[in-house]
file target.cif (mmCIF, C-alpha atoms)
data_entry
#
loop_
_atom_site.label_atom_id
_atom_site.label_comp_id
_atom_site.auth_asym_id
_atom_site.auth_seq_id
_atom_site.Cartn_x
_atom_site.Cartn_y
_atom_site.Cartn_z
CA MET A 917 -94.19 -120.55 -71.17
CA TYR A 918 -96.88 -122.35 -73.16
CA GLY A 919 -95.51 -125.70 -71.97
CA LEU A 920 -95.97 -124.62 -68.35
CA ILE A 921 -99.52 -123.43 -69.08
CA GLN A 922 -100.44 -126.81 -70.57
CA LYS A 923 -98.68 -128.77 -67.82
CA PHE A 924 -100.54 -127.02 -64.99
CA ASN A 925 -103.82 -126.55 -66.93
CA LEU A 926 -103.66 -122.75 -66.50
CA ASP A 927 -105.91 -120.23 -68.21
CA ALA A 928 -103.74 -118.60 -70.87
CA ASP A 929 -106.10 -115.62 -71.25
CA GLN A 930 -105.86 -114.83 -67.54
CA ILE A 931 -102.07 -115.14 -67.44
CA PHE A 932 -101.46 -112.82 -70.35
CA THR A 933 -103.80 -110.04 -69.20
CA PRO A 934 -102.14 -106.67 -68.35
CA GLN A 935 -103.51 -106.82 -64.81
CA THR A 936 -101.61 -110.03 -64.11
CA TRP A 937 -98.30 -108.57 -65.26
CA ILE A 938 -98.88 -105.43 -63.20
CA VAL A 939 -99.41 -107.58 -60.11
CA ILE A 940 -96.25 -109.54 -60.87
CA LEU A 941 -94.28 -106.31 -61.39
CA VAL A 942 -95.59 -104.79 -58.16
CA LEU A 943 -94.76 -107.93 -56.19
CA SER A 944 -91.29 -108.03 -57.73
CA LEU A 945 -90.67 -104.41 -56.75
CA LEU A 946 -91.84 -105.13 -53.21
CA VAL A 947 -89.45 -108.07 -52.97
CA VAL A 948 -86.58 -105.88 -54.25
CA ILE A 949 -87.44 -103.10 -51.76
CA ILE A 950 -87.56 -105.60 -48.90
CA LEU A 951 -84.17 -107.05 -49.88
CA ILE A 952 -82.65 -103.56 -50.16
CA ASN A 953 -83.97 -102.62 -46.73
CA LEU A 954 -82.61 -105.84 -45.23
CA PHE A 955 -79.23 -105.05 -46.75
CA ILE A 956 -79.33 -101.48 -45.36
CA ILE A 957 -80.23 -102.81 -41.90
CA PHE A 958 -77.34 -105.27 -42.10
CA ILE A 959 -74.86 -102.53 -43.08
CA TYR A 960 -76.22 -100.23 -40.36
CA ASN A 961 -75.81 -102.94 -37.73
CA GLN A 962 -72.23 -103.58 -38.91
CA LYS A 963 -71.45 -99.85 -38.61
CA ILE A 964 -72.98 -99.76 -35.12
CA LEU A 965 -70.89 -102.78 -34.07
CA GLN A 966 -67.75 -101.19 -35.52
CA LEU A 967 -68.45 -97.92 -33.69
CA TYR A 968 -69.07 -99.82 -30.47
CA ARG A 969 -65.74 -101.64 -30.82
CA MET A 970 -63.94 -98.37 -31.53
CA GLN A 971 -65.54 -96.67 -28.53
CA HIS A 972 -64.67 -99.67 -26.35
CA ASN A 973 -61.05 -99.49 -27.50
CA PHE A 974 -61.04 -95.73 -26.93
CA ILE A 975 -62.28 -96.14 -23.35
CA ASN A 976 -59.68 -98.81 -22.61
CA ASN A 977 -56.79 -96.91 -24.17
CA PHE A 978 -57.83 -93.51 -22.85
CA THR A 979 -58.18 -94.97 -19.36
CA HIS A 980 -54.63 -96.28 -19.74
CA GLU A 981 -53.47 -92.85 -20.95
CA LEU A 982 -54.94 -91.28 -17.80
CA LYS A 983 -53.85 -93.97 -15.35
CA THR A 984 -50.20 -93.93 -16.41
CA PRO A 985 -49.40 -90.32 -15.38
CA VAL A 986 -51.60 -90.63 -12.28
CA THR A 987 -49.70 -93.75 -11.17
CA SER A 988 -46.42 -92.01 -11.89
CA LEU A 989 -47.45 -88.94 -9.87
CA LYS A 990 -48.45 -91.13 -6.95
CA LEU A 991 -45.09 -92.91 -7.05
CA PHE A 992 -43.15 -89.64 -7.03
CA LEU A 993 -45.25 -88.24 -4.16
CA GLU A 994 -44.71 -91.39 -2.12
CA THR A 995 -40.98 -91.07 -2.79
CA PHE A 996 -41.08 -87.53 -1.38
CA LEU A 997 -42.84 -88.79 1.76
CA LYS A 998 -40.60 -91.79 2.43
CA HIS A 999 -37.16 -90.41 1.59
CA ASP A 1000 -35.10 -87.34 2.37
CA LEU A 1001 -34.11 -86.07 -1.04
CA ASP A 1002 -31.46 -83.51 -1.76
CA ALA A 1003 -32.25 -80.41 -3.82
CA GLU A 1004 -31.03 -81.97 -7.09
CA GLN A 1005 -33.19 -85.07 -6.67
CA GLN A 1006 -36.20 -82.97 -5.71
CA LYS A 1007 -35.80 -80.87 -8.83
CA LYS A 1008 -35.49 -84.01 -10.95
CA TYR A 1009 -38.66 -85.59 -9.55
CA LEU A 1010 -40.57 -82.32 -9.71
CA ASN A 1011 -39.75 -82.03 -13.42
CA PHE A 1012 -41.08 -85.56 -13.94
CA MET A 1013 -44.26 -84.65 -12.08
CA ILE A 1014 -44.74 -81.50 -14.17
CA GLN A 1015 -44.44 -83.62 -17.32
CA ASP A 1016 -47.09 -86.02 -16.00
CA VAL A 1017 -49.41 -83.12 -15.16
CA ASP A 1018 -48.87 -81.73 -18.67
CA ARG A 1019 -49.83 -85.10 -20.14
CA LEU A 1020 -53.00 -85.25 -18.05
CA SER A 1021 -53.92 -81.68 -18.95
CA GLY A 1022 -53.31 -82.39 -22.62
CA HIS A 1023 -55.60 -85.44 -22.66
CA ILE A 1024 -58.41 -83.62 -20.86
CA HIS A 1025 -58.02 -80.50 -23.00
CA ARG A 1026 -58.23 -82.52 -26.22
CA ILE A 1027 -61.46 -84.21 -25.13
CA LEU A 1028 -63.09 -80.93 -24.09
CA SER A 1029 -61.92 -79.09 -27.21
CA LEU A 1030 -63.19 -81.79 -29.55
CA ALA A 1031 -66.58 -81.73 -27.83
CA LYS A 1032 -66.77 -77.94 -28.18
CA ILE A 1033 -65.75 -78.00 -31.84
CA GLU A 1034 -68.29 -80.68 -32.71
CA SER A 1035 -71.05 -78.81 -30.89
CA LYS A 1036 -69.95 -75.55 -32.58
CA THR A 1037 -69.58 -73.82 -29.21
CA TYR A 1038 -65.83 -73.18 -29.33
CA GLY A 1039 -65.17 -69.49 -28.71
CA GLY A 1040 -62.29 -67.30 -29.73
CA GLU A 1041 -61.71 -64.88 -32.56
CA LEU A 1042 -59.55 -65.35 -35.63
CA VAL A 1043 -56.31 -63.38 -35.50
CA GLN A 1044 -53.99 -62.49 -38.39
CA THR A 1045 -50.79 -64.37 -37.53
CA ASP A 1046 -47.49 -65.31 -39.13
CA LEU A 1047 -47.70 -69.11 -39.07
CA ILE A 1048 -43.93 -69.69 -39.14
CA SER A 1049 -43.40 -67.60 -36.01
CA ARG A 1050 -46.42 -69.27 -34.40
CA VAL A 1051 -45.04 -72.78 -35.01
CA GLU A 1052 -41.58 -71.79 -33.76
CA ARG A 1053 -43.02 -70.26 -30.58
CA CYS A 1054 -45.22 -73.32 -30.01
CA ILE A 1055 -42.17 -75.60 -30.22
CA ALA A 1056 -40.12 -73.33 -27.94
CA ARG A 1057 -42.85 -73.17 -25.27
CA ASN A 1058 -43.22 -76.94 -25.19
CA ARG A 1059 -39.57 -77.91 -25.68
CA HIS A 1060 -39.53 -79.69 -22.30
CA GLN A 1061 -41.95 -82.26 -23.70
CA PHE A 1062 -39.62 -83.09 -26.60
CA SER A 1063 -36.23 -83.08 -24.88
CA ASN A 1064 -34.73 -85.81 -27.07
CA CYS A 1065 -36.19 -84.59 -30.38
CA ARG A 1066 -34.84 -82.58 -33.28
CA PHE A 1067 -37.03 -80.01 -35.02
CA GLN A 1068 -36.32 -78.12 -38.20
CA VAL A 1069 -38.58 -75.36 -39.52
CA SER A 1070 -37.80 -74.45 -43.12
CA ASN A 1071 -39.05 -71.53 -45.18
CA PRO A 1072 -37.39 -71.84 -48.60
CA GLU A 1073 -39.13 -68.73 -49.94
CA ASN A 1074 -38.00 -66.68 -46.91
CA ARG A 1075 -41.34 -64.95 -46.48
CA GLU A 1076 -44.12 -64.50 -43.98
CA PHE A 1077 -47.10 -66.85 -44.12
CA CYS A 1078 -49.85 -64.72 -42.60
CA TYR A 1079 -53.23 -66.26 -42.02
CA LEU A 1080 -56.39 -65.75 -39.98
CA ILE A 1081 -56.31 -68.42 -37.27
CA ASN A 1082 -57.66 -69.20 -33.86
CA PRO A 1083 -54.29 -69.15 -32.01
CA ALA A 1084 -55.26 -71.63 -29.26
CA LEU A 1085 -56.70 -74.14 -31.72
CA PHE A 1086 -53.80 -73.78 -34.15
CA ASP A 1087 -51.32 -74.46 -31.32
CA MET A 1088 -53.36 -77.53 -30.40
CA LEU A 1089 -53.22 -78.76 -34.01
CA VAL A 1090 -49.43 -78.32 -34.12
CA MET A 1091 -48.92 -79.97 -30.73
CA ASN A 1092 -51.05 -82.98 -31.68
CA LEU A 1093 -49.09 -83.51 -34.90
CA LEU A 1094 -45.74 -83.17 -33.09
CA THR A 1095 -46.83 -85.48 -30.26
CA ASN A 1096 -48.11 -88.03 -32.77
CA ALA A 1097 -44.80 -87.92 -34.66
CA VAL A 1098 -42.79 -88.46 -31.47
CA THR A 1099 -45.08 -91.07 -29.91
CA TYR A 1100 -44.99 -93.33 -32.96
CA ASN A 1101 -41.25 -93.19 -33.45
CA GLU A 1102 -38.55 -95.77 -32.77
CA ALA A 1103 -35.54 -93.68 -33.86
CA ASP A 1104 -32.81 -92.86 -31.35
CA ILE A 1105 -33.49 -89.19 -32.05
CA PRO A 1106 -37.00 -88.46 -33.37
CA GLN A 1107 -36.84 -85.78 -36.03
CA ILE A 1108 -39.66 -83.64 -37.39
CA ASP A 1109 -39.12 -81.35 -40.37
CA ILE A 1110 -41.74 -78.62 -40.80
CA SER A 1111 -41.82 -76.88 -44.18
CA PHE A 1112 -44.01 -74.15 -45.64
CA ALA A 1113 -45.05 -73.66 -49.26
CA VAL A 1114 -47.73 -71.93 -51.31
CA THR A 1115 -49.54 -72.80 -54.51
CA PRO A 1116 -51.84 -70.48 -56.48
CA ALA A 1117 -54.80 -71.61 -54.36
CA ARG A 1118 -53.43 -73.23 -51.20
CA LEU A 1119 -51.08 -72.65 -48.29
CA LEU A 1120 -49.28 -75.88 -47.28
CA ILE A 1121 -47.56 -76.82 -44.02
CA ARG A 1122 -45.87 -80.24 -44.07
CA PHE A 1123 -44.84 -82.17 -40.94
CA THR A 1124 -42.39 -84.90 -41.97
CA ASP A 1125 -41.10 -87.37 -39.36
CA ASN A 1126 -38.76 -90.36 -39.21
CA GLY A 1127 -41.28 -92.47 -37.32
CA ILE A 1128 -42.76 -95.91 -37.82
CA GLY A 1129 -44.89 -94.87 -40.81
CA MET A 1130 -48.07 -96.57 -41.94
CA ASP A 1131 -49.67 -98.57 -44.71
CA PRO A 1132 -51.59 -96.58 -47.39
CA SER A 1133 -54.81 -98.34 -46.35
CA HIS A 1134 -54.79 -96.20 -43.18
CA TYR A 1135 -54.41 -92.79 -44.86
CA LYS A 1136 -58.06 -91.74 -44.52
CA LYS A 1137 -58.99 -93.91 -41.56
CA VAL A 1138 -56.51 -92.36 -39.12
CA PHE A 1139 -58.59 -89.16 -39.05
CA ARG A 1140 -61.73 -90.96 -37.91
CA LYS A 1141 -62.79 -90.55 -34.31
CA PHE A 1142 -61.62 -93.43 -32.06
CA TYR A 1143 -59.70 -95.07 -34.95
CA GLN A 1144 -56.46 -96.82 -34.06
CA ILE A 1145 -54.05 -98.47 -36.48
CA GLY A 1146 -53.32 -101.36 -34.12
CA ARG A 1147 -49.94 -102.66 -35.21
CA VAL A 1148 -47.31 -101.10 -37.46
CA GLY A 1149 -44.38 -103.34 -38.28
CA ASN A 1150 -43.13 -104.80 -34.99
CA ARG A 1151 -44.77 -102.09 -32.93
CA SER A 1152 -48.20 -101.91 -31.38
CA ALA A 1153 -49.51 -98.44 -32.23
CA LYS A 1154 -51.89 -97.45 -29.47
CA GLY A 1155 -53.42 -94.13 -28.56
CA SER A 1156 -56.66 -92.46 -27.57
CA GLY A 1157 -57.92 -92.34 -31.15
CA ILE A 1158 -58.96 -88.67 -30.99
CA GLY A 1159 -55.74 -86.73 -31.61
CA LEU A 1160 -55.79 -86.81 -35.41
CA ASN A 1161 -59.57 -86.48 -35.49
CA LEU A 1162 -59.15 -83.29 -33.48
CA VAL A 1163 -56.44 -82.12 -35.90
CA GLN A 1164 -58.79 -82.62 -38.85
CA SER A 1165 -61.65 -80.89 -37.03
CA ILE A 1166 -59.46 -77.84 -36.32
CA ALA A 1167 -58.30 -77.77 -39.95
CA ARG A 1168 -61.90 -77.82 -41.18
CA LEU A 1169 -62.76 -75.03 -38.76
CA HIS A 1170 -60.16 -73.00 -40.69
CA LYS A 1171 -61.65 -74.14 -44.04
CA GLY A 1172 -58.72 -76.49 -44.61
CA ARG A 1173 -57.87 -80.18 -44.39
CA VAL A 1174 -55.07 -82.49 -43.30
CA SER A 1175 -53.77 -85.43 -45.35
CA VAL A 1176 -51.02 -87.99 -44.80
CA ILE A 1177 -48.65 -90.04 -46.94
CA SER A 1178 -46.00 -92.58 -45.98
CA HIS A 1179 -43.56 -94.80 -47.84
CA GLY A 1180 -44.65 -97.67 -45.63
CA PRO A 1181 -43.98 -99.12 -42.18
CA GLY A 1182 -40.66 -97.91 -40.80
CA CYS A 1183 -40.30 -95.12 -43.36
CA GLY A 1184 -41.88 -92.18 -41.56
CA SER A 1185 -44.92 -90.11 -42.47
CA THR A 1186 -45.73 -86.67 -43.82
CA PHE A 1187 -48.84 -84.89 -42.57
CA THR A 1188 -49.83 -81.90 -44.71
CA LEU A 1189 -52.07 -79.09 -43.50
CA SER A 1190 -53.66 -77.48 -46.55
CA LEU A 1191 -55.39 -74.12 -46.12
CA PRO A 1192 -57.05 -71.88 -48.70
CA ARG A 1193 -54.61 -69.13 -49.57
CA ARG A 1194 -55.78 -66.02 -47.74
CA LEU A 1195 -52.75 -63.82 -47.15
CA ARG A 1196 -52.83 -60.19 -46.08
CA LYS A 1197 -53.79 -57.74 -48.81
CA GLU A 1198 -50.73 -55.63 -48.06
CA ASP A 1199 -48.46 -58.66 -48.42
CA THR A 1200 -47.56 -58.32 -52.08
CA ARG A 1201 -44.29 -60.19 -51.99
CA GLY A 1202 -44.09 -63.17 -54.32
#

call {"tool": "encode", "arguments": {"input": "target.cif", "output": "structure tokens"}}
result
Amino acid sequence: MYGLIQKFNLDADQIFTPQTWIVILVLSLLVVIILINLFIIFIYNQKILQLYRMQHNFINNFTHELKTPVTSLKLFLETFLKHDLDAEQQKKYLNFMIQDVDRLSGHIHRILSLAKIESKTYGGELVQTDLISRVERCIARNRHQFSNCRFQVSNPENREFCYLINPALFDMLVMNLLTNAVTYNEADIPQIDISFAVTPARLLIRFTDNGIGMDPSHYKKVFRKFYQIGRVGNRSAKGSGIGLNLVQSIARLHKGRVSVISHGPGCGSTFTLSLPRRLRKEDTRG
């Protein structure tokens, strides 16, 4: 320090005054604040770009999800116009058309429901319901959508799992998990095992499939809005990017959460719905 003072012929008394050090400290703090703000702006811009890319992918993929059943419906209707079909063929094509309509309705319903949940305008009262019976009825009502699938609902404790739920939203949560398990599945017969369990504080429903699985790095990301894994193993995993986000939103509406684990690509996945344990007061079994 003294060498620098002598080299530049500086006034040592002026340099070592408290006022000088205060100015230096203030300037240093300003520089640090400016650098921090530049870093925050950079991170914010990166997040905005990432969100833009995700929304762009969502629009492209969701448009594809809508166009596919519409194109299929048009093809079947043109077939009806151009050809004289017997009763068996008509029934076959009509079933295909109903499936396409169900797909369209499902996509539109998910978008509208997610918007209502996020804006906190979703109506409907909570109803005390046995979740095992609810899941079984949901599968039975929609069996035509999973014609080549095998489902197994297990209740090792052989008891009722009663809970206050919004029935329509709970069905939507179940259907999204089942559809996800079947869509991302390369097995000859997709299989989903649904099991129920309780802990002292939680009620657990596990959906285990034999699908394409995922890498652990995607565990939390798959529940983000518009997020898509991209490629799993040899398969391109595409979707709208809102199904699992909707599942998590419904779970949170019921004061719960959904998590996922997988043994890796090709080894299936297990999605677990965890709810706070709130059984009926009169249910004293167990």

call {"tool": "closest_residue", "arguments": {"input": "target.cif", "among": "A:Gly1129, A:Gly1159, A:Gly1172, A:Pro1116", "to": "Asn1092 of chain A", "atoms": "only C-alpha atoms"}}
result
A:Gly1159

call {"tool": "closest_atom_pairs", "arguments": {"input": "target.cif", "of": "segment 984-1017 of chain A", "to": "segment 1054-1065 of chain A", "cutoff": "12 Å", "atoms": "all atoms listed in the file", "output": "JSON lines"}}
result
{"residue": "A:Asn1011", "atom": "CA", "partner": "A:His1060", "partner_atom": "CA", "distance": 9.2}
{"residue": "A:Phe1012", "atom": "CA", "partner": "A:His1060", "partner_atom": "CA", "distance": 10.3}
{"residue": "A:Ile1014", "atom": "CA", "partner": "A:His1060", "partner_atom": "CA", "distance": 9.8}
{"residue": "A:Gln1015", "atom": "CA", "partner": "A:Gln1061", "partner_atom": "CA", "distance": 7.0}
{"residue": "A:Asp1016", "atom": "CA", "partner": "A:Gln1061", "partner_atom": "CA", "distance": 10.0}
{"residue": "A:Val1017", "atom": "CA", "partner": "A:Gln1061", "partner_atom": "CA", "distance": 11.4}

call {"tool": "write_last_selection", "arguments": {"input": "target.cif", "atoms": "C-alpha atoms", "output": "PDB file, in the frame of the given file"}}
result
ATOM      1  CA  ASN A1011     -39.750 -82.030 -13.420  1.00  0.00           C
ATOM      2  CA  PHE A1012     -41.080 -85.560 -13.940  1.00  0.00           C
ATOM      3  CA  ILE A1014     -44.740 -81.500 -14.170  1.00  0.00           C
ATOM      4  CA  GLN A1015     -44.440 -83.620 -17.320  1.00  0.00           C
ATOM      5  CA  ASP A1016     -47.090 -86.020 -16.000  1.00  0.00           C
ATOM      6  CA  VAL A1017     -49.410 -83.120 -15.160  1.00  0.00           C
TER       7      VAL A1017
END

call {"tool": "atom_distance", "arguments": {"input": "target.cif", "atom1": "atom CA of Phe955 of chain A", "atom2": "atom CA of Leu941 of chain A"}}
result
21.0 Å

call {"tool": "residues_around", "arguments": {"input": "target.cif", "residues": "Thr1124 of chain A", "least_positions_apart": "6", "cutoff": "9 Å", "atoms": "all atoms listed in the file", "output": "short mmCIF file (atom, residue, chain, number, x, y, z; two decimals) with C-alpha atoms, keeping the file's coordinate frame"}}
result
data_model
loop_
_atom_site.label_atom_id
_atom_site.label_comp_id
_atom_site.auth_asym_id
_atom_site.auth_seq_id
_atom_site.Cartn_x
_atom_site.Cartn_y
_atom_site.Cartn_z
CA ALA A 1097 -44.80 -87.92 -34.66
CA GLN A 1107 -36.84 -85.78 -36.03
CA ILE A 1108 -39.66 -83.64 -37.39
CA ASP A 1109 -39.12 -81.35 -40.37
CA ILE A 1110 -41.74 -78.62 -40.80
CA SER A 1111 -41.82 -76.88 -44.18
CA GLY A 1184 -41.88 -92.18 -41.56
CA SER A 1185 -44.92 -90.11 -42.47
CA THR A 1186 -45.73 -86.67 -43.82
CA PHE A 1187 -48.84 -84.89 -42.57
CA THR A 1188 -49.83 -81.90 -44.71
#

call {"tool": "atom_distance", "arguments": {"input": "target.cif", "atom1": "atom CA of Gln1006 of chain A", "atom2": "atom CA of Thr987 of chain A"}}
result
18.1 Å

call {"tool": "resolve_selection", "arguments": {"input": "target.cif", "expression": "the PyMOL selection byres ((chain A and resi 1102-1104) around 8)", "output": "list in words"}}
result
Tyr1100, Asn1101, Ile1105, Pro1106, Asn1126, Gly1127 and Ile1128 of chain A

call {"tool": "residues_around", "arguments": {"input": "target.cif", "residues": "Leu1030 of chain A", "least_positions_apart": "5", "cutoff": "10 Å", "atoms": "only C-alpha atoms", "output": "NGL selection string"}}
result
:A and (1025 or 1035-1036 or 1038 or 1141 or 1158-1159 or 1161-1163 or 1165-1166)

call {"tool": "residues_around", "arguments": {"input": "target.cif", "residues": "Thr1115 of chain A", "least_positions_apart": "4", "cutoff": "10 Å", "atoms": "only C-alpha atoms", "output": "JSON, numbers by chain"}}
result
{"A": [1119, 1120, 1192, 1193]}

call {"tool": "write_last_selection", "arguments": {"input": "target.cif", "atoms": "C-alpha atoms", "output": "short mmCIF file (atom, residue, chain, number, x, y, z; two decimals), in the frame of the given file"}}
result
data_model
loop_
_atom_site.label_atom_id
_atom_site.label_comp_id
_atom_site.auth_asym_id
_atom_site.auth_seq_id
_atom_site.Cartn_x
_atom_site.Cartn_y
_atom_site.Cartn_z
CA LEU A 1119 -51.08 -72.65 -48.29
CA LEU A 1120 -49.28 -75.88 -47.28
CA PRO A 1192 -57.05 -71.88 -48.70
CA ARG A 1193 -54.61 -69.13 -49.57
#

call {"tool": "atom_distance", "arguments": {"input": "target.cif", "atom1": "atom CA of Cys1183 of chain A", "atom2": "atom CA of Arg1140 of chain A"}}
result
22.5 Å

call {"tool": "resolve_selection", "arguments": {"input": "target.cif", "expression": "the PyMOL selection byres ((chain A and resi 1048) around 9)", "output": "number ranges by chain"}}
result
A: 1045-1047, 1049-1053, 1069-1071, 1076-1078, 1112

call {"tool": "closest_residue", "arguments": {"input": "target.cif", "among": "A:Gln1068, A:Lys1137, A:Val1043, A:Pro1181", "to": "Leu1160 of chain A", "atoms": "all atoms listed in the file"}}
result
A:Lys1137

call {"tool": "axis_aligned_box", "arguments": {"input": "target.cif", "around": "segment 955-963 of chain A", "padding_each_side": "5 Å", "output": "AutoDock Vina command-line options"}}
result
--center_x -75.8 --center_y -102.6 --center_z -42.2 --size_x 18.8 --size_y 15.4 --size_z 19.0

call {"tool": "closest_residue", "arguments": {"input": "target.cif", "among": "A:Ala1167, A:Ile949, A:Val1114, A:Val1098", "to": "Ile1081 of chain A", "atoms": "only C-alpha atoms"}}
result
A:Ala1167

call {"tool": "resolve_selection", "arguments": {"input": "target.cif", "expression": "the PyMOL selection byres ((chain A and resi 1136) around 10)", "output": "MDAnalysis selection string"}}
result
chainID A and resid 1132:1135 1137:1140 1174:1177

call {"tool": "residues_near_point", "arguments": {"input": "target.cif", "point": "(-43.7, -85.9, -11.2)", "cutoff": "12 Å", "atoms": "only C-alpha atoms", "output": "ChimeraX atom specification"}}
result
/A:984-996,1005-1020

call {"tool": "write_last_selection", "arguments": {"input": "target.cif", "atoms": "C-alpha atoms", "output": "short mmCIF file (atom, residue, chain, number, x, y, z; two decimals), keeping the file's coordinate frame"}}
result
data_model
loop_
_atom_site.label_atom_id
_atom_site.label_comp_id
_atom_site.auth_asym_id
_atom_site.auth_seq_id
_atom_site.Cartn_x
_atom_site.Cartn_y
_atom_site.Cartn_z
CA THR A 984 -50.20 -93.93 -16.41
CA PRO A 985 -49.40 -90.32 -15.38
CA VAL A 986 -51.60 -90.63 -12.28
CA THR A 987 -49.70 -93.75 -11.17
CA SER A 988 -46.42 -92.01 -11.89
CA LEU A 989 -47.45 -88.94 -9.87
CA LYS A 990 -48.45 -91.13 -6.95
CA LEU A 991 -45.09 -92.91 -7.05
CA PHE A 992 -43.15 -89.64 -7.03
CA LEU A 993 -45.25 -88.24 -4.16
CA GLU A 994 -44.71 -91.39 -2.12
CA THR A 995 -40.98 -91.07 -2.79
CA PHE A 996 -41.08 -87.53 -1.38
CA GLN A 1005 -33.19 -85.07 -6.67
CA GLN A 1006 -36.20 -82.97 -5.71
CA LYS A 1007 -35.80 -80.87 -8.83
CA LYS A 1008 -35.49 -84.01 -10.95
CA TYR A 1009 -38.66 -85.59 -9.55
CA LEU A 1010 -40.57 -82.32 -9.71
CA ASN A 1011 -39.75 -82.03 -13.42
CA PHE A 1012 -41.08 -85.56 -13.94
CA MET A 1013 -44.26 -84.65 -12.08
CA ILE A 1014 -44.74 -81.50 -14.17
CA GLN A 1015 -44.44 -83.62 -17.32
CA ASP A 1016 -47.09 -86.02 -16.00
CA VAL A 1017 -49.41 -83.12 -15.16
CA ASP A 1018 -48.87 -81.73 -18.67
CA ARG A 1019 -49.83 -85.10 -20.14
CA LEU A 1020 -53.00 -85.25 -18.05
#

call {"tool": "closest_residue", "arguments": {"input": "target.cif", "among": "A:Ile938, A:Phe1142, A:Leu1093, A:Leu954", "to": "Asp1125 of chain A", "atoms": "only C-alpha atoms"}}
result
A:Leu1093

call {"tool": "decode", "arguments": {"input": "target.cif", "residues": "segment 1060-1086 of chain A", "atoms": "C-alpha atoms", "output": "PDB file, in the first residue's frame"}}
result
ATOM      1  CA  HIS A1060     -63.718 -49.280 -23.611  1.00  0.00           C
ATOM      2  CA  GLN A1061     -60.734 -46.915 -23.620  1.00  0.00           C
ATOM      3  CA  PHE A1062     -58.422 -49.609 -22.223  1.00  0.00           C
ATOM      4  CA  SER A1063     -59.565 -52.677 -24.159  1.00  0.00           C
ATOM      5  CA  ASN A1064     -56.120 -54.285 -24.301  1.00  0.00           C
ATOM      6  CA  CYS A1065     -55.077 -53.466 -20.724  1.00  0.00           C
ATOM      7  CA  ARG A1066     -55.005 -55.399 -17.486  1.00  0.00           C
ATOM      8  CA  PHE A1067     -55.947 -53.714 -14.217  1.00  0.00           C
ATOM      9  CA  GLN A1068     -55.592 -55.055 -10.715  1.00  0.00           C
ATOM     10  CA  VAL A1069     -56.948 -53.239  -7.657  1.00  0.00           C
ATOM     11  CA  SER A1070     -55.559 -54.650  -4.414  1.00  0.00           C
ATOM     12  CA  ASN A1071     -56.622 -53.960  -0.849  1.00  0.00           C
ATOM     13  CA  PRO A1072     -54.391 -56.111   1.374  1.00  0.00           C
ATOM     14  CA  GLU A1073     -56.029 -54.839   4.573  1.00  0.00           C
ATOM     15  CA  ASN A1074     -59.520 -55.632   3.208  1.00  0.00           C
ATOM     16  CA  ARG A1075     -61.050 -52.414   4.464  1.00  0.00           C
ATOM     17  CA  GLU A1076     -62.813 -49.317   3.239  1.00  0.00           C
ATOM     18  CA  PHE A1077     -60.753 -46.219   2.464  1.00  0.00           C
ATOM     19  CA  CYS A1078     -63.272 -43.444   3.006  1.00  0.00           C
ATOM     20  CA  TYR A1079     -62.274 -39.904   2.213  1.00  0.00           C
ATOM     21  CA  LEU A1080     -63.794 -36.515   1.453  1.00  0.00           C
ATOM     22  CA  ILE A1081     -63.270 -35.955  -2.282  1.00  0.00           C
ATOM     23  CA  ASN A1082     -64.635 -34.032  -5.200  1.00  0.00           C
ATOM     24  CA  PRO A1083     -65.888 -37.065  -7.201  1.00  0.00           C
ATOM     25  CA  ALA A1084     -65.508 -35.499 -10.667  1.00  0.00           C
ATOM     26  CA  LEU A1085     -61.979 -34.268  -9.975  1.00  0.00           C
ATOM     27  CA  PHE A1086     -60.921 -37.540  -8.341  1.00  0.00           C
TER      28      PHE A1086
END
